[in-house]
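S.K.: Structure incoming, see below.
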Amino acid sequence: MAPLSSSTAQSPAQPALRSWIQFALLTVLLTGGAILLLRLLRPSALRGLFSRSDPAEVRRGQAQSNLKWIDEALLVYAHEHQGQYPARLDELVVPGPDGKTCFGAQREVPLDPWQRAFRYEPPTGAHPRPRIWSLGADGEAGGEGENADLDSDSLLLDR
C-alpha cells in the first residue's frame with residue numbers, strides 16, 4: 001500500500017474548522033436577512049442604526065447634559081456652603097481643601113456646544129431655584145431649532 005501524500009491527508013481539526021466557518025457564515029447571512037426583512041416590513045424600525053444623527057440634535061443633547069451637570073454641581077456647592085449658592089459659576093471650580101472642585105477634578109465650567117459660557121442666575125425669593133441657560137447656536141435670545149434657547153427651568157431638571 002502506498003503512503004498517503006500530505007495533500008490528501010486531512011487533520012482531525014479541518015472538518016471542525018470547516019463546520020465552524022459554515023456556521024459563522026450562515027449566522028451572518030441569517031442576521032443580515034432578518035435585518036433587511038425587518039427594515040422592508042417596518043421602515044421606522046432600526047432608524048437610528050442606518051442613519052446618521054442630526055448634528056443639531058447632538059449639540060442640543062450635549063447642552064442639556066452640561067446643563068444637568070452644572071445644576072448638580074450647584075447642588076454640591078450649596079450643600080457644602082450651608083445652602084448658599086454661588087454668585088457666579090466660576091466659584092464652582094475653586095478647589096476646596098481636598099483639591100477638588102464641585103465638578104470633581106475638572107478646573108473649568110463646561111461651555112455650551114457652541115463654545116460659549118452658560119448664563120446663570122442664583123436663586124431669589126421670587127425664583128427659588130438657580131437658573132442656567134444657553135442662547136443656542138445663534139447666541140441670541142429666542143429662536144427655533146438649533147437656535148432655540150435651552151433653559152434649566154424649561155428642561156425641568158430632576159431634583
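Ordering of the C-alpha cells sets the chain letters (A, B, ...), residue numbers begin anew at 1 in every chain, and ligands are numbered from 1 in the order given.
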List the spatial neighbours of range 147-155 of chain A as an mmCIF file with N, CA and C atoms, in the first residue's frame - criterion: any atom at most 10 Å away, only C-alpha atoms, same-chain residues fewer than 3 positions off excluded.

M.R.:
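Contents of around.cif, freshly written:
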```cif
data_model
loop_
_atom_site.group_PDB
_atom_site.id
_atom_site.type_symbol
_atom_site.label_atom_id
_atom_site.label_comp_id
_atom_site.auth_asym_id
_atom_site.auth_seq_id
_atom_site.Cartn_x
_atom_site.Cartn_y
_atom_site.Cartn_z
ATOM 1 N N ALA A 56 -27.374 68.932 14.837
ATOM 2 C CA ALA A 56 -28.031 69.926 15.689
ATOM 3 C C ALA A 56 -28.633 69.253 16.923
ATOM 4 N N ARG A 60 -27.626 69.886 20.893
ATOM 5 C CA ARG A 60 -28.649 70.236 21.889
ATOM 6 C C ARG A 60 -28.646 69.213 23.026
ATOM 7 N N ALA A 63 -25.753 70.057 25.193
ATOM 8 C CA ALA A 63 -26.059 71.240 26.011
ATOM 9 C C ALA A 63 -26.946 70.845 27.190
ATOM 10 N N GLN A 64 -27.940 69.999 26.955
ATOM 11 C CA GLN A 64 -28.815 69.556 28.046
ATOM 12 C C GLN A 64 -28.023 68.774 29.085
ATOM 13 N N LEU A 67 -26.043 71.259 31.078
ATOM 14 C CA LEU A 67 -26.941 71.983 31.998
ATOM 15 C C LEU A 67 -27.194 71.148 33.248
ATOM 16 N N LYS A 68 -27.462 69.885 33.049
ATOM 17 C CA LYS A 68 -27.723 68.983 34.178
ATOM 18 C C LYS A 68 -26.472 68.865 35.059
ATOM 19 N N ILE A 70 -24.024 71.061 35.438
ATOM 20 C CA ILE A 70 -23.838 72.316 36.175
ATOM 21 C C ILE A 70 -24.848 72.409 37.311
ATOM 22 N N ASP A 71 -26.094 72.002 37.043
ATOM 23 C CA ASP A 71 -27.125 72.033 38.076
ATOM 24 C C ASP A 71 -26.724 71.156 39.254
ATOM 25 N N ASP A 112 -21.144 75.661 26.551
ATOM 26 C CA ASP A 112 -22.189 75.052 25.734
ATOM 27 C C ASP A 112 -21.536 74.520 24.452
ATOM 28 N N PHE A 118 -22.249 79.211 29.697
ATOM 29 C CA PHE A 118 -23.657 79.174 30.087
ATOM 30 C C PHE A 118 -23.964 80.418 30.911
ATOM 31 N N ARG A 119 -25.177 80.893 30.830
ATOM 32 C CA ARG A 119 -25.629 82.020 31.647
ATOM 33 C C ARG A 119 -26.157 81.449 32.964
ATOM 34 N N TYR A 120 -26.128 82.273 34.026
ATOM 35 C CA TYR A 120 -26.523 81.784 35.349
ATOM 36 C C TYR A 120 -27.123 82.907 36.174
ATOM 37 N N ARG A 129 -35.090 78.421 42.597
ATOM 38 C CA ARG A 129 -34.094 77.508 42.014
ATOM 39 C C ARG A 129 -33.087 78.293 41.190
ATOM 40 N N PRO A 130 -31.847 77.833 41.135
ATOM 41 C CA PRO A 130 -30.895 78.502 40.245
ATOM 42 C C PRO A 130 -31.323 78.306 38.793
ATOM 43 N N ARG A 131 -31.019 79.271 37.958
ATOM 44 C CA ARG A 131 -31.383 79.194 36.544
ATOM 45 C C ARG A 131 -30.098 79.195 35.715
ATOM 46 N N ILE A 132 -29.998 78.227 34.826
ATOM 47 C CA ILE A 132 -28.851 78.095 33.933
ATOM 48 C C ILE A 132 -29.429 78.020 32.524
ATOM 49 N N TRP A 133 -28.805 78.741 31.588
ATOM 50 C CA TRP A 133 -29.326 78.667 30.225
ATOM 51 C C TRP A 133 -28.240 78.946 29.194
ATOM 52 N N SER A 134 -28.552 78.521 27.967
ATOM 53 C CA SER A 134 -27.706 78.769 26.804
ATOM 54 C C SER A 134 -28.585 79.433 25.754
ATOM 55 N N LEU A 135 -27.999 80.305 24.970
ATOM 56 C CA LEU A 135 -28.757 81.024 23.942
ATOM 57 C C LEU A 135 -28.797 80.280 22.609
ATOM 58 N N GLY A 136 -28.376 79.043 22.576
ATOM 59 C CA GLY A 136 -28.445 78.251 21.355
ATOM 60 C C GLY A 136 -27.343 78.609 20.377
ATOM 61 N N ALA A 137 -27.467 78.099 19.159
ATOM 62 C CA ALA A 137 -26.414 78.242 18.154
ATOM 63 C C ALA A 137 -26.181 79.684 17.739
ATOM 64 N N ASP A 138 -27.241 80.494 17.694
ATOM 65 C CA ASP A 138 -27.081 81.868 17.205
ATOM 66 C C ASP A 138 -26.606 82.836 18.280
ATOM 67 N N GLY A 139 -26.628 82.428 19.537
ATOM 68 C CA GLY A 139 -26.166 83.297 20.617
ATOM 69 C C GLY A 139 -27.106 84.443 20.934
ATOM 70 N N GLU A 140 -28.333 84.374 20.430
ATOM 71 C CA GLU A 140 -29.327 85.429 20.679
ATOM 72 C C GLU A 140 -30.552 84.822 21.348
ATOM 73 N N ALA A 141 -31.239 85.621 22.140
ATOM 74 C CA ALA A 141 -32.429 85.140 22.852
ATOM 75 C C ALA A 141 -33.503 84.715 21.850
ATOM 76 N N GLY A 142 -34.219 83.657 22.212
ATOM 77 C CA GLY A 142 -35.286 83.148 21.355
ATOM 78 C C GLY A 142 -34.735 82.236 20.274
ATOM 79 N N GLY A 143 -35.481 82.086 19.229
ATOM 80 C CA GLY A 143 -35.047 81.259 18.109
ATOM 81 C C GLY A 143 -35.771 79.926 18.082
ATOM 82 N N GLU A 144 -35.566 79.236 16.973
ATOM 83 C CA GLU A 144 -36.182 77.920 16.779
ATOM 84 C C GLU A 144 -35.118 76.929 16.358
ATOM 85 N N ASP A 158 -34.501 67.246 37.191
ATOM 86 C CA ASP A 158 -34.935 66.478 38.377
ATOM 87 C C ASP A 158 -34.185 66.956 39.607
#
```

S.K.: I'd like the contact shell of range 94-110 of chain A - 7 Å cut-off, only C-alpha atoms, skipping same-chain residues fewer than 5 positions apart - returned as a ChimeraX atom specification.

M.R.: /A:66,73,76-77

S.K.: Distance CA of Ala78 in chain A-CA of Asp90 in chain A, one decimal place?

M.R.: 14.1 Å

S.K.: Taking the backbone alone, and naming residues the way the document does, which bits of chain A are alpha helix (DSSP H) by DSSP, as number ranges by chain?

M.R.: A: 13-41, 47-50, 55-80, 152-155

S.K.: For Ala87 in chain A, find every residue with an atom within 10 Å (counting only C-alpha atoms), except residues of its own chain fewer than 6 positions away, and show them as a CSV table (one decimal) with N, CA and C atoms, in the first residue's frame.

M.R.:
```
chain,number,residue,atom,x,y,z
A,120,TYR,N,-26.1,82.3,34.0
A,120,TYR,CA,-26.5,81.8,35.3
A,120,TYR,C,-27.1,82.9,36.2
A,121,GLU,N,-28.2,82.6,36.9
A,121,GLU,CA,-28.8,83.5,37.9
A,121,GLU,C,-29.0,82.6,39.2
A,122,PRO,N,-28.4,83.1,40.3
A,122,PRO,CA,-28.6,82.4,41.5
A,122,PRO,C,-30.1,82.5,42.0
A,123,PRO,N,-30.5,81.6,42.9
A,123,PRO,CA,-31.9,81.7,43.3
A,123,PRO,C,-32.3,83.0,44.0
```
